[in-house]
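Have a look at coords.pdb below; it lists PDB, C-alpha atoms.
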ATOM      1  CA  MET A1053       0.000   0.000   0.000
ATOM      2  CA  SER A1054       2.994   2.338   0.296
ATOM      3  CA  TRP A1055       4.029   5.044  -2.156
ATOM      4  CA  GLN A1056       6.580   7.836  -2.119
ATOM      5  CA  LEU A1057       6.330  11.466  -3.222
ATOM      6  CA  ASP A1058       9.789  12.996  -3.575
ATOM      7  CA  ALA A1059      11.532  12.238  -0.256
ATOM      8  CA  TYR A1060       8.316  11.487   1.640
ATOM      9  CA  ARG A1061       6.986   7.956   2.042
ATOM     10  CA  PHE A1062       3.366   7.155   2.880
ATOM     11  CA  ASP A1063       1.982   3.830   4.056
ATOM     12  CA  ILE A1064      -1.431   4.240   2.394
ATOM     13  CA  PRO A1065      -2.425   6.022  -0.855
ATOM     14  CA  ILE A1066      -4.858   8.384   0.876
ATOM     15  CA  VAL A1067      -4.669  12.198   0.788
ATOM     16  CA  ALA A1068      -7.292  14.357   2.517
ATOM     17  CA  HIS A1069      -8.985  17.088   0.482
ATOM     18  CA  PRO A1070      -7.963  20.543   1.787
ATOM     19  CA  THR A1071     -11.263  21.720   3.226
ATOM     20  CA  ASP A1072     -12.039  23.017   6.709
ATOM     21  CA  ALA A1073     -14.763  20.378   6.939
ATOM     22  CA  LEU A1074     -12.068  17.731   7.042
ATOM     23  CA  VAL A1075      -8.517  18.903   7.693
ATOM     24  CA  SER A1076      -7.718  20.640  10.943
ATOM     25  CA  PRO A1077      -4.224  20.481  12.419
ATOM     26  CA  SER A1078      -5.349  17.616  14.664
ATOM     27  CA  PHE A1079      -6.935  15.690  11.767
ATOM     28  CA  ALA A1080      -3.783  16.113   9.668
ATOM     29  CA  LEU A1081      -1.820  14.689  12.582
ATOM     30  CA  ALA A1082      -4.235  11.752  13.020
ATOM     31  CA  LEU A1083      -4.163  10.843   9.315
ATOM     32  CA  GLY A1084      -0.408  11.301   9.128
ATOM     33  CA  LYS A1085       0.162   8.896  12.006
ATOM     34  CA  ARG A1086      -1.875   6.315  10.083
ATOM     35  CA  GLY A1087       0.268   6.659   6.977
ATOM     36  CA  GLY A1088      -1.820   9.109   4.941
ATOM     37  CA  LEU A1089      -1.440  12.805   4.160
ATOM     38  CA  GLY A1090      -3.724  15.563   5.406
ATOM     39  CA  VAL A1091      -3.538  18.780   3.374
ATOM     40  CA  LEU A1092      -4.455  21.916   5.332
ATOM     41  CA  ASN A1093      -6.204  24.710   3.442
ATOM     42  CA  GLY A1094      -3.771  27.624   3.730
ATOM     43  CA  GLU A1095      -6.589  30.041   2.891
ATOM     44  CA  GLY A1096      -9.191  28.442   5.132
ATOM     45  CA  LEU A1097     -10.569  29.157   8.579
ATOM     46  CA  TRP A1098      -7.453  28.122  10.490
ATOM     47  CA  ALA A1099      -5.686  30.999   8.723
ATOM     48  CA  ARG A1100      -8.457  33.508   9.545
ATOM     49  CA  HIS A1101      -9.895  32.772  13.004
ATOM     50  CA  ALA A1102      -8.500  31.860  16.415
ATOM     51  CA  ASP A1103     -11.675  30.018  17.520
ATOM     52  CA  VAL A1104     -12.368  27.763  14.549
ATOM     53  CA  PRO A1105     -14.079  24.907  16.472
ATOM     54  CA  ALA A1106     -16.684  27.345  17.824
ATOM     55  CA  LYS A1107     -17.240  28.790  14.359
ATOM     56  CA  LEU A1108     -17.697  25.324  12.893
ATOM     57  CA  GLU A1109     -20.116  24.378  15.662
ATOM     58  CA  TYR A1110     -22.346  27.329  14.791
ATOM     59  CA  LEU A1111     -21.988  26.637  11.058
ATOM     60  CA  THR A1112     -23.169  23.051  11.417
ATOM     61  CA  HIS A1113     -25.953  24.193  13.776
ATOM     62  CA  LEU A1114     -27.192  26.494  11.001
ATOM     63  CA  ALA A1115     -26.959  23.679   8.479
ATOM     64  CA  GLU A1116     -29.106  21.469  10.714
ATOM     65  CA  THR A1117     -31.734  24.005  11.836
ATOM     66  CA  ALA A1118     -32.017  26.964   9.445
ATOM     67  CA  GLU A1119     -35.168  27.149   7.304
ATOM     68  CA  ASP A1120     -33.168  28.520   4.377
ATOM     69  CA  PRO A1121     -30.488  25.969   3.424
ATOM     70  CA  ASN A1122     -28.347  28.795   2.054
ATOM     71  CA  ASP A1123     -27.999  30.417   5.489
ATOM     72  CA  ALA A1124     -25.127  28.092   6.376
ATOM     73  CA  LEU A1125     -23.407  28.768   3.061
ATOM     74  CA  ARG A1126     -23.724  32.535   3.539
ATOM     75  CA  TYR A1127     -22.242  32.202   7.021
ATOM     76  CA  LEU A1128     -19.361  30.177   5.595
ATOM     77  CA  GLN A1129     -18.725  32.952   3.068
ATOM     78  CA  GLN A1130     -18.830  35.477   5.908
ATOM     79  CA  LEU A1131     -16.225  33.509   7.847
ATOM     80  CA  HIS A1132     -13.959  33.477   4.802
ATOM     81  CA  SER A1133     -14.369  37.226   4.302
ATOM     82  CA  GLU A1134     -12.060  37.838   7.255
ATOM     83  CA  PRO A1135      -8.496  38.607   6.132
ATOM     84  CA  LEU A1136      -5.781  35.976   6.221
ATOM     85  CA  ASP A1137      -3.672  36.214   9.377
ATOM     86  CA  PRO A1138      -0.055  35.082   8.826
ATOM     87  CA  ASP A1139       0.385  34.399  12.546
ATOM     88  CA  LEU A1140      -2.653  32.110  12.730
ATOM     89  CA  LEU A1141      -1.602  30.302   9.564
ATOM     90  CA  GLY A1142       1.939  29.865  10.832
ATOM     91  CA  ALA A1143       0.719  28.534  14.164
ATOM     92  CA  ALA A1144      -1.599  25.988  12.525
ATOM     93  CA  VAL A1145       1.174  24.731  10.255
ATOM     94  CA  ALA A1146       3.682  24.609  13.104
ATOM     95  CA  GLU A1147       1.249  22.482  15.139
ATOM     96  CA  ILE A1148       1.355  19.848  12.407
ATOM     97  CA  SER A1149       5.058  20.074  11.585
ATOM     98  CA  SER A1150       6.122  19.851  15.221
ATOM     99  CA  SER A1151       4.396  16.467  15.514
ATOM    100  CA  GLY A1152       6.761  14.823  13.057
ATOM    101  CA  VAL A1153       4.230  13.905  10.339
ATOM    102  CA  THR A1154       4.638  15.133   6.767
ATOM    103  CA  THR A1155       3.157  18.627   6.584
ATOM    104  CA  ALA A1156       1.324  19.754   3.446
ATOM    105  CA  VAL A1157      -0.638  22.955   2.810
ATOM    106  CA  ARG A1158      -2.776  24.001  -0.127
ATOM    107  CA  VAL A1159      -2.745  27.524  -1.598
ATOM    108  CA  SER A1160      -4.451  28.939  -4.661
ATOM    109  CA  PRO A1161      -2.380  30.074  -7.646
ATOM    110  CA  GLN A1162      -3.467  33.648  -6.899
ATOM    111  CA  ASN A1163      -1.981  33.614  -3.387
ATOM    112  CA  ALA A1164       0.977  31.274  -3.868
ATOM    113  CA  ARG A1165       3.607  34.029  -3.977
ATOM    114  CA  VAL A1166       2.402  35.745  -0.812
ATOM    115  CA  LEU A1167       1.711  32.683   1.338
ATOM    116  CA  THR A1168       4.557  30.340   0.413
ATOM    117  CA  PRO A1169       7.281  32.199   2.375
ATOM    118  CA  ILE A1170       5.046  32.131   5.465
ATOM    119  CA  LEU A1171       4.483  28.403   5.035
ATOM    120  CA  GLN A1172       8.165  27.663   4.527
ATOM    121  CA  THR A1173       9.025  29.540   7.710
ATOM    122  CA  ALA A1174       6.381  27.534   9.595
ATOM    123  CA  GLY A1175       7.945  24.272   8.412
ATOM    124  CA  ILE A1176       5.927  22.748   5.555
ATOM    125  CA  ASP A1177       7.297  19.711   3.732
ATOM    126  CA  LEU A1178       5.018  19.819   0.665
ATOM    127  CA  LEU A1179       3.279  22.700  -1.096
ATOM    128  CA  VAL A1180       0.023  22.059  -2.953
ATOM    129  CA  ILE A1181      -0.978  24.678  -5.526
ATOM    130  CA  GLN A1182      -4.547  23.866  -6.437
ATOM    131  CA  GLY A1183      -7.307  25.549  -8.387
ATOM    132  CA  THR A1184     -10.279  24.167 -10.304
ATOM    133  CA  ILE A1185      -8.169  24.146 -13.468
ATOM    134  CA  ILE A1186      -4.639  25.534 -13.656
ATOM    135  CA  SER A1187      -1.959  25.752 -16.305
ATOM    136  CA  ALA A1188       1.820  26.097 -16.344
ATOM    137  CA  GLU A1189       1.331  29.864 -16.398
ATOM    138  CA  HIS A1190      -1.722  30.698 -14.352
ATOM    139  CA  VAL A1191      -3.290  34.038 -15.197
ATOM    140  CA  GLY A1192      -5.337  35.657 -12.464
ATOM    141  CA  ARG A1193      -7.301  38.888 -12.366
ATOM    142  CA  GLY A1194      -4.890  41.716 -11.591
ATOM    143  CA  GLY A1195      -1.237  41.197 -10.802
ATOM    144  CA  GLU A1196       1.527  39.228 -12.447
ATOM    145  CA  PRO A1197       0.807  35.750 -13.876
ATOM    146  CA  LEU A1198       2.199  32.861 -11.855
ATOM    147  CA  ASN A1199       4.797  31.038 -13.935
ATOM    148  CA  LEU A1200       4.923  27.673 -12.207
ATOM    149  CA  LYS A1201       8.174  26.602 -13.831
ATOM    150  CA  THR A1202      10.194  29.499 -12.426
ATOM    151  CA  PHE A1203       8.225  29.506  -9.164
ATOM    152  CA  ILE A1204       8.878  25.822  -8.481
ATOM    153  CA  ALA A1205      12.528  26.092  -9.519
ATOM    154  CA  ASP A1206      13.107  28.717  -6.820
ATOM    155  CA  LEU A1207      11.704  26.499  -4.038
ATOM    156  CA  ASP A1208      13.563  23.878  -2.028
ATOM    157  CA  ILE A1209      10.395  21.878  -1.269
ATOM    158  CA  PRO A1210       8.391  19.627  -3.629
ATOM    159  CA  VAL A1211       5.218  21.025  -5.186
ATOM    160  CA  VAL A1212       2.014  19.246  -6.168
ATOM    161  CA  ALA A1213      -0.158  21.152  -8.670
ATOM    162  CA  GLY A1214      -3.593  20.792 -10.232
ATOM    163  CA  GLY A1215      -6.287  20.247 -11.188
ATOM    164  CA  VAL A1216      -6.005  18.971 -14.712
ATOM    165  CA  SER A1217      -8.268  16.825 -16.833
ATOM    166  CA  ASP A1218      -6.346  15.958 -20.004
ATOM    167  CA  HIS A1219      -3.014  14.711 -21.339
ATOM    168  CA  ARG A1220      -1.774  18.066 -22.649
ATOM    169  CA  THR A1221      -2.317  20.054 -19.450
ATOM    170  CA  ALA A1222      -0.941  17.258 -17.302
ATOM    171  CA  LEU A1223       2.223  17.101 -19.407
ATOM    172  CA  HIS A1224       2.646  20.888 -19.244
ATOM    173  CA  LEU A1225       2.391  20.804 -15.445
ATOM    174  CA  MET A1226       4.893  17.964 -15.244
ATOM    175  CA  ARG A1227       7.325  20.059 -17.260
ATOM    176  CA  THR A1228       7.187  22.795 -14.617
ATOM    177  CA  GLY A1229       9.047  20.512 -12.211
ATOM    178  CA  ALA A1230       6.019  19.575 -10.110
ATOM    179  CA  ALA A1231       6.506  16.394  -8.074
ATOM    180  CA  GLY A1232       2.835  15.515  -8.402
ATOM    181  CA  VAL A1233      -0.174  16.454 -10.522
ATOM    182  CA  ILE A1234      -3.758  16.504  -9.253
ATOM    183  CA  VAL A1235      -6.362  15.139 -11.660
ATOM    184  CA  GLY A1236      -9.909  16.426 -11.157
ATOM    185  CA  TYR A1237     -11.325  19.125  -8.921
ATOM    186  CA  GLY A1238     -12.644  17.286  -5.892
ATOM    187  CA  SER A1239     -16.133  16.504  -7.177
ATOM    188  CA  THR A1240     -18.426  14.990  -4.557
ATOM    189  CA  PRO A1241     -22.038  14.137  -5.441
ATOM    190  CA  GLY A1242     -24.379  16.382  -3.467
ATOM    191  CA  ALA A1243     -21.619  18.714  -2.293
ATOM    192  CA  THR A1244     -19.699  19.978  -5.330
ATOM    193  CA  THR A1245     -21.584  22.153  -7.817
ATOM    194  CA  THR A1246     -18.812  23.079 -10.266
ATOM    195  CA  GLY A1247     -20.694  21.322 -13.056
ATOM    196  CA  GLU A1248     -23.854  23.325 -12.400
ATOM    197  CA  VAL A1249     -22.079  26.669 -11.874
ATOM    198  CA  LEU A1250     -19.293  26.537 -14.456
ATOM    199  CA  GLY A1251     -20.326  23.692 -16.741
ATOM    200  CA  ILE A1252     -17.013  21.959 -16.048
ATOM    201  CA  ALA A1253     -17.074  18.220 -15.438
ATOM    202  CA  VAL A1254     -14.318  15.615 -15.501
ATOM    203  CA  PRO A1255     -14.807  11.949 -16.481
ATOM    204  CA  MET A1256     -12.368  10.691 -13.882
ATOM    205  CA  ALA A1257     -11.373   7.327 -15.360
ATOM    206  CA  THR A1258     -10.462   8.956 -18.674
ATOM    207  CA  ALA A1259      -8.762  11.897 -16.981
ATOM    208  CA  ILE A1260      -6.613   9.648 -14.766
ATOM    209  CA  ALA A1261      -5.644   7.443 -17.709
ATOM    210  CA  ASP A1262      -4.725  10.528 -19.769
ATOM    211  CA  ALA A1263      -2.541  11.893 -16.962
ATOM    212  CA  ALA A1264      -0.886   8.485 -16.533
ATOM    213  CA  ALA A1265      -0.110   8.471 -20.261
ATOM    214  CA  ALA A1266       1.386  11.948 -19.926
ATOM    215  CA  ARG A1267       3.504  10.639 -17.041
ATOM    216  CA  ARG A1268       4.880   7.866 -19.265
ATOM    217  CA  ASP A1269       5.667  10.385 -22.019
ATOM    218  CA  TYR A1270       7.383  12.682 -19.532
ATOM    219  CA  LEU A1271       9.333   9.751 -18.087
ATOM    220  CA  ASP A1272      10.708   9.026 -21.578
ATOM    221  CA  GLU A1273      11.267  12.714 -22.290
ATOM    222  CA  THR A1274      13.374  13.257 -19.165
ATOM    223  CA  GLY A1275      15.110   9.909 -19.061
ATOM    224  CA  GLY A1276      13.504   8.760 -15.844
ATOM    225  CA  ARG A1277      11.822  11.584 -13.872
ATOM    226  CA  TYR A1278       8.598  10.183 -12.390
ATOM    227  CA  VAL A1279       5.709  12.524 -11.539
ATOM    228  CA  HIS A1280       2.957  11.223  -9.276
ATOM    229  CA  VAL A1281      -0.703  11.377 -10.278
ATOM    230  CA  LEU A1282      -3.256  12.130  -7.544
ATOM    231  CA  ALA A1283      -6.916  11.498  -8.373
ATOM    232  CA  ASP A1284      -9.255  14.074  -6.807
ATOM    233  CA  GLY A1285     -12.937  13.508  -7.421
ATOM    234  CA  GLY A1286     -15.673  10.927  -7.687
ATOM    235  CA  ILE A1287     -14.041   8.444  -5.292
ATOM    236  CA  GLU A1288     -16.497   7.513  -2.570
ATOM    237  CA  THR A1289     -15.904   3.790  -1.918
ATOM    238  CA  SER A1290     -13.072   1.283  -1.708
ATOM    239  CA  GLY A1291     -14.073  -0.066  -5.126
ATOM    240  CA  GLN A1292     -13.784   3.376  -6.695
ATOM    241  CA  LEU A1293     -10.434   3.829  -4.961
ATOM    242  CA  ALA A1294      -9.254   0.580  -6.544
ATOM    243  CA  LYS A1295     -10.449   1.730  -9.972
ATOM    244  CA  ALA A1296      -8.579   5.033  -9.617
ATOM    245  CA  ILE A1297      -5.316   3.228  -8.840
ATOM    246  CA  ALA A1298      -5.946   0.761 -11.666
ATOM    247  CA  CYS A1299      -6.403   3.647 -14.109
ATOM    248  CA  GLY A1300      -2.961   4.975 -13.154
ATOM    249  CA  ALA A1301      -3.289   7.085 -10.015
ATOM    250  CA  ASP A1302      -0.587   6.788  -7.340
ATOM    251  CA  ALA A1303      -2.947   8.037  -4.622
ATOM    252  CA  ALA A1304      -6.448   9.409  -4.187
ATOM    253  CA  VAL A1305      -7.568  12.694  -2.670
ATOM    254  CA  LEU A1306     -10.656  11.945  -0.560
ATOM    255  CA  GLY A1307     -13.151  14.293   1.021
ATOM    256  CA  ALA A1308     -16.572  13.091   2.132
ATOM    257  CA  PRO A1309     -15.463   9.460   2.692
ATOM    258  CA  LEU A1310     -13.063  10.677   5.393
ATOM    259  CA  ALA A1311     -15.410  13.353   6.757
ATOM    260  CA  VAL A1312     -17.645  10.676   8.310
ATOM    261  CA  ALA A1313     -14.909   9.902  10.864
ATOM    262  CA  ASP A1314     -15.443  11.002  14.449
ATOM    263  CA  VAL A1315     -12.270  13.138  14.397
ATOM    264  CA  ALA A1316     -13.302  15.217  11.366
ATOM    265  CA  PRO A1317     -13.883  18.874  12.351
ATOM    266  CA  GLY A1318     -17.026  19.193  10.186
ATOM    267  CA  ARG A1319     -19.116  17.480  12.867
ATOM    268  CA  GLY A1320     -20.973  15.235  10.427
ATOM    269  CA  TRP A1321     -21.042  17.709   7.543
ATOM    270  CA  TYR A1322     -18.871  18.014   4.466
ATOM    271  CA  TRP A1323     -18.274  20.821   1.992
ATOM    272  CA  PRO A1324     -15.493  21.340  -0.572
ATOM    273  CA  SER A1325     -13.098  24.260  -0.248
ATOM    274  CA  ALA A1326     -14.728  25.932  -3.296
ATOM    275  CA  ALA A1327     -17.991  26.303  -1.340
ATOM    276  CA  ALA A1328     -16.627  29.384   0.422
ATOM    277  CA  HIS A1329     -15.898  31.430  -2.720
ATOM    278  CA  PRO A1330     -17.103  34.988  -1.997
ATOM    279  CA  SER A1331     -19.008  35.549  -5.257
ATOM    280  CA  MET A1332     -19.255  32.163  -7.007
ATOM    281  CA  PRO A1333     -19.590  29.308  -4.489
ATOM    282  CA  ARG A1334     -19.246  25.914  -6.137
ATOM    283  CA  GLY A1335     -20.329  23.668  -3.341
ATOM    284  CA  THR A1336     -22.747  23.264  -0.489
ATOM    285  CA  LEU A1337     -22.914  21.587   2.903
ATOM    286  CA  LEU A1338     -23.639  17.878   2.668
ATOM    287  CA  PRO A1339     -24.731  15.820   5.701
ATOM    288  CA  VAL A1340     -22.484  12.777   5.989
ATOM    289  CA  GLY A1341     -22.729  12.073   9.708
ATOM    290  CA  GLU A1342     -24.068   8.961  11.369
ATOM    291  CA  PRO A1343     -25.621   8.508  14.844
ATOM    292  CA  ASN A1344     -22.466   6.661  15.884
ATOM    293  CA  PRO A1345     -19.688   8.029  13.678
ATOM    294  CA  PRO A1346     -16.924   5.557  12.902
ATOM    295  CA  SER A1347     -13.351   6.055  13.986
ATOM    296  CA  LEU A1348     -10.737   7.079  11.455
ATOM    297  CA  ASP A1349      -9.240   3.606  11.854
ATOM    298  CA  ALA A1350     -12.558   2.016  10.856
ATOM    299  CA  VAL A1351     -12.830   4.296   7.810
ATOM    300  CA  LEU A1352      -9.324   3.418   6.665
ATOM    301  CA  THR A1353      -8.704  -0.155   7.759
ATOM    302  CA  GLY A1354     -11.935  -1.469   9.294
ATOM    303  CA  PRO A1355     -13.413  -3.610  10.512
ATOM    304  CA  SER A1356     -16.478  -2.772   8.444
ATOM    305  CA  GLY A1357     -20.109  -3.666   8.836
ATOM    306  CA  ASP A1358     -21.010  -1.842   5.614
ATOM    307  CA  ALA A1359     -21.552  -3.885   2.463
ATOM    308  CA  PHE A1360     -21.031  -1.000   0.029
ATOM    309  CA  GLY A1361     -17.371  -0.111   0.573
ATOM    310  CA  THR A1362     -17.692   3.108   2.553
ATOM    311  CA  LEU A1363     -15.588   1.726   5.418
ATOM    312  CA  ASN A1364     -12.263  -0.126   5.389
ATOM    313  CA  LEU A1365     -11.208   1.775   2.265
ATOM    314  CA  VAL A1366      -7.613   0.567   2.345
ATOM    315  CA  GLY A1367      -8.684  -2.976   3.138
ATOM    316  CA  GLY A1368     -10.993  -2.982   0.131
ATOM    317  CA  LEU A1369      -8.198  -1.767  -2.121
ATOM    318  CA  ARG A1370      -5.857  -4.397  -0.700
ATOM    319  CA  ARG A1371      -8.350  -7.194  -1.352
ATOM    320  CA  SER A1372      -9.065  -5.929  -4.875
ATOM    321  CA  MET A1373      -5.348  -5.998  -5.653
ATOM    322  CA  ALA A1374      -4.967  -9.479  -4.193
ATOM    323  CA  LYS A1375      -7.902 -10.920  -6.132
ATOM    324  CA  ALA A1376      -6.488  -9.454  -9.354
ATOM    325  CA  GLY A1377      -3.079 -10.957  -8.560
ATOM    326  CA  TYR A1378      -1.031  -7.860  -7.720
ATOM    327  CA  SER A1379       1.029  -7.159  -4.620
ATOM    328  CA  ASP A1380       1.862  -3.444  -4.832
ATOM    329  CA  LEU A1381       0.369  -0.239  -6.197
ATOM    330  CA  LYS A1382       2.756   0.173  -9.130
ATOM    331  CA  GLU A1383       2.020  -3.353 -10.334
ATOM    332  CA  PHE A1384      -1.729  -2.792  -9.952
ATOM    333  CA  GLN A1385      -1.542   0.138 -12.390
ATOM    334  CA  ARG A1386      -0.907  -2.474 -15.096
ATOM    335  CA  VAL A1387      -4.103  -4.409 -14.441
ATOM    336  CA  GLY A1388      -6.405  -4.941 -17.418
ATOM    337  CA  LEU A1389      -9.272  -2.453 -17.797
ATOM    338  CA  ASN A1390     -12.655  -2.796 -19.477
ATOM    339  CA  VAL A1391     -14.919   0.066 -20.499
ATOM    340  CA  GLN A1392     -18.601  -0.486 -19.763
ATOM    341  CA  GLY A1393     -20.898   1.282 -22.202
TER     342      GLY A1393
END

Rewritten as structure tokens:
Amino acid sequence: MSWQLDAYRFDIPIVAHPTDALVSPSFALALGKRGGLGVLNGEGLWARHADVPAKLEYLTHLAETAEDPNDALRYLQQLHSEPLDPDLLGAAVAEISSSGVTTAVRVSPQNARVLTPILQTAGIDLLVIQGTIISAEHVGRGGEPLNLKTFIADLDIPVVAGGVSDHRTALHLMRTGAAGVIVGYGSTPGATTTGEVLGIAVPMATAIADAAAARRDYLDETGGRYVHVLADGGIETSGQLAKAIACGADAAVLGAPLAVADVAPGRGWYWPSAAAHPSMPRGTLLPVGEPNPPSLDAVLTGPSGDAFGTLNLVGGLRRSMAKAGYSDLKEFQRVGLNVQG
């Protein structure tokens, strides 16, 4: 089940989506100790408020009780309207890095230049530059375009960038020097509304396979430099996790499947990071809680009493690999695939 991104080795191919509903400093620590990677949102609530648990408690209370379902979303936007506080962000990152687990933080392309020095000072190991769709030279409204190739070359830490959905864009991002490329934009049925708002949708199996093909081309082009592919979207069960790896992903970025755990800060609710956009929210709050929420251990490695693959995600992947006759993730990427019409 292990894989390695640059100098950092992980025991399970699970990365947590960078949303405040899921990744707090304590959740990142808990997932890291179990071999996964929690990615903190560097532009989220832990970078804006000192009392995030209280804010989340009121947010989920609104989601449960308000007559207008948009009240909770408007409150989430209000929370994100507070300015970023470098001291709060640095403290949240330092809490993770001081624990000894691999520390990763997500920033948007628009804020990468400003926030990266703060994150480096706080002790991050990996930087994730993530937007809905980004290119090798990301052009934002106002200010200088972010040239990822020169930006990454000036850093002494590995960078993961995305999202992408096709061979060409994936190959361009690989040529910037990124250690990993994110495929997809974190789509979660019932929570992500990018398709409705922007008309952008990603067929994940095709997108992962295209990115894996770009990785092979880049491997030949560079004489051996391997770039990892992280699948972010549409993966809700252990079977879908197995399919993502089989299509060529090295790891999967999960949101709602992990948010059911009792240690998730969303208190039984999940929303993607794009839900808090100030003028164009692309997500909503989705109830994922259960009367007796499972532990993070049960979500990852069981035991499971669920017959549909929502618990024991890693165990399901392990059994799928074994039944297909493969003993590690890289081998499993060569398994035969069939397309069902």

Inset, instruction - Quick one: apply the PyMOL selection byres ((chain A and resi 1077) around 9) to the file and drop the selected residues here as a PyMOL selection string. - result: chain A and resi 1075-1076+1078-1082+1090+1092+1098+1144-1148

Inset, instruction - Could you give me, as a VMD selection string, the residues that sit within 12 Å of (-17.5, 0.7, 10.3) in the file's coordinates, counting all atoms listed in the file? - result: chain A and resid 1309 to 1310 1312 to 1314 1342 1344 to 1365 1367

Inset, instruction - May I have the residues within 12 Å of range 1108-1116 of chain A as number ranges by chain, using all atoms listed in the file and disregarding those fewer than 2 positions away in the same chain? - result: A: 1072-1074, 1076, 1096-1098, 1101-1106, 1118-1131, 1316-1323, 1336-1341

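The space separating CA of Gly1307 in chain A from CA of His1069 in chain A comes to 5.0 Å.
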
Translate the PyMOL selection byres ((chain A and resi 1171) around 9), as applied to the file shown, into an explicit residue set as a short mmCIF file (atom, residue, chain, number, x, y, z; two decimals) with C-alpha atoms, in the coordinates of the input.
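Saved result, expr.cif, follows:
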data_model
loop_
_atom_site.label_atom_id
_atom_site.label_comp_id
_atom_site.auth_asym_id
_atom_site.auth_seq_id
_atom_site.Cartn_x
_atom_site.Cartn_y
_atom_site.Cartn_z
CA GLY A 1094 -3.77 27.62 3.73
CA PRO A 1138 -0.06 35.08 8.83
CA LEU A 1141 -1.60 30.30 9.56
CA GLY A 1142 1.94 29.86 10.83
CA VAL A 1145 1.17 24.73 10.26
CA ALA A 1146 3.68 24.61 13.10
CA VAL A 1157 -0.64 22.96 2.81
CA LEU A 1167 1.71 32.68 1.34
CA THR A 1168 4.56 30.34 0.41
CA PRO A 1169 7.28 32.20 2.38
CA ILE A 1170 5.05 32.13 5.46
CA GLN A 1172 8.16 27.66 4.53
CA THR A 1173 9.02 29.54 7.71
CA ALA A 1174 6.38 27.53 9.60
CA GLY A 1175 7.94 24.27 8.41
CA ILE A 1176 5.93 22.75 5.56
CA LEU A 1179 3.28 22.70 -1.10
#

Legend entry - Which residue of A:Glu1288, A:Glu1196, A:Glu1095, A:Asp1137 approaches Gln1182 in chain A most closely, using all atoms listed in the file: A:Glu1095
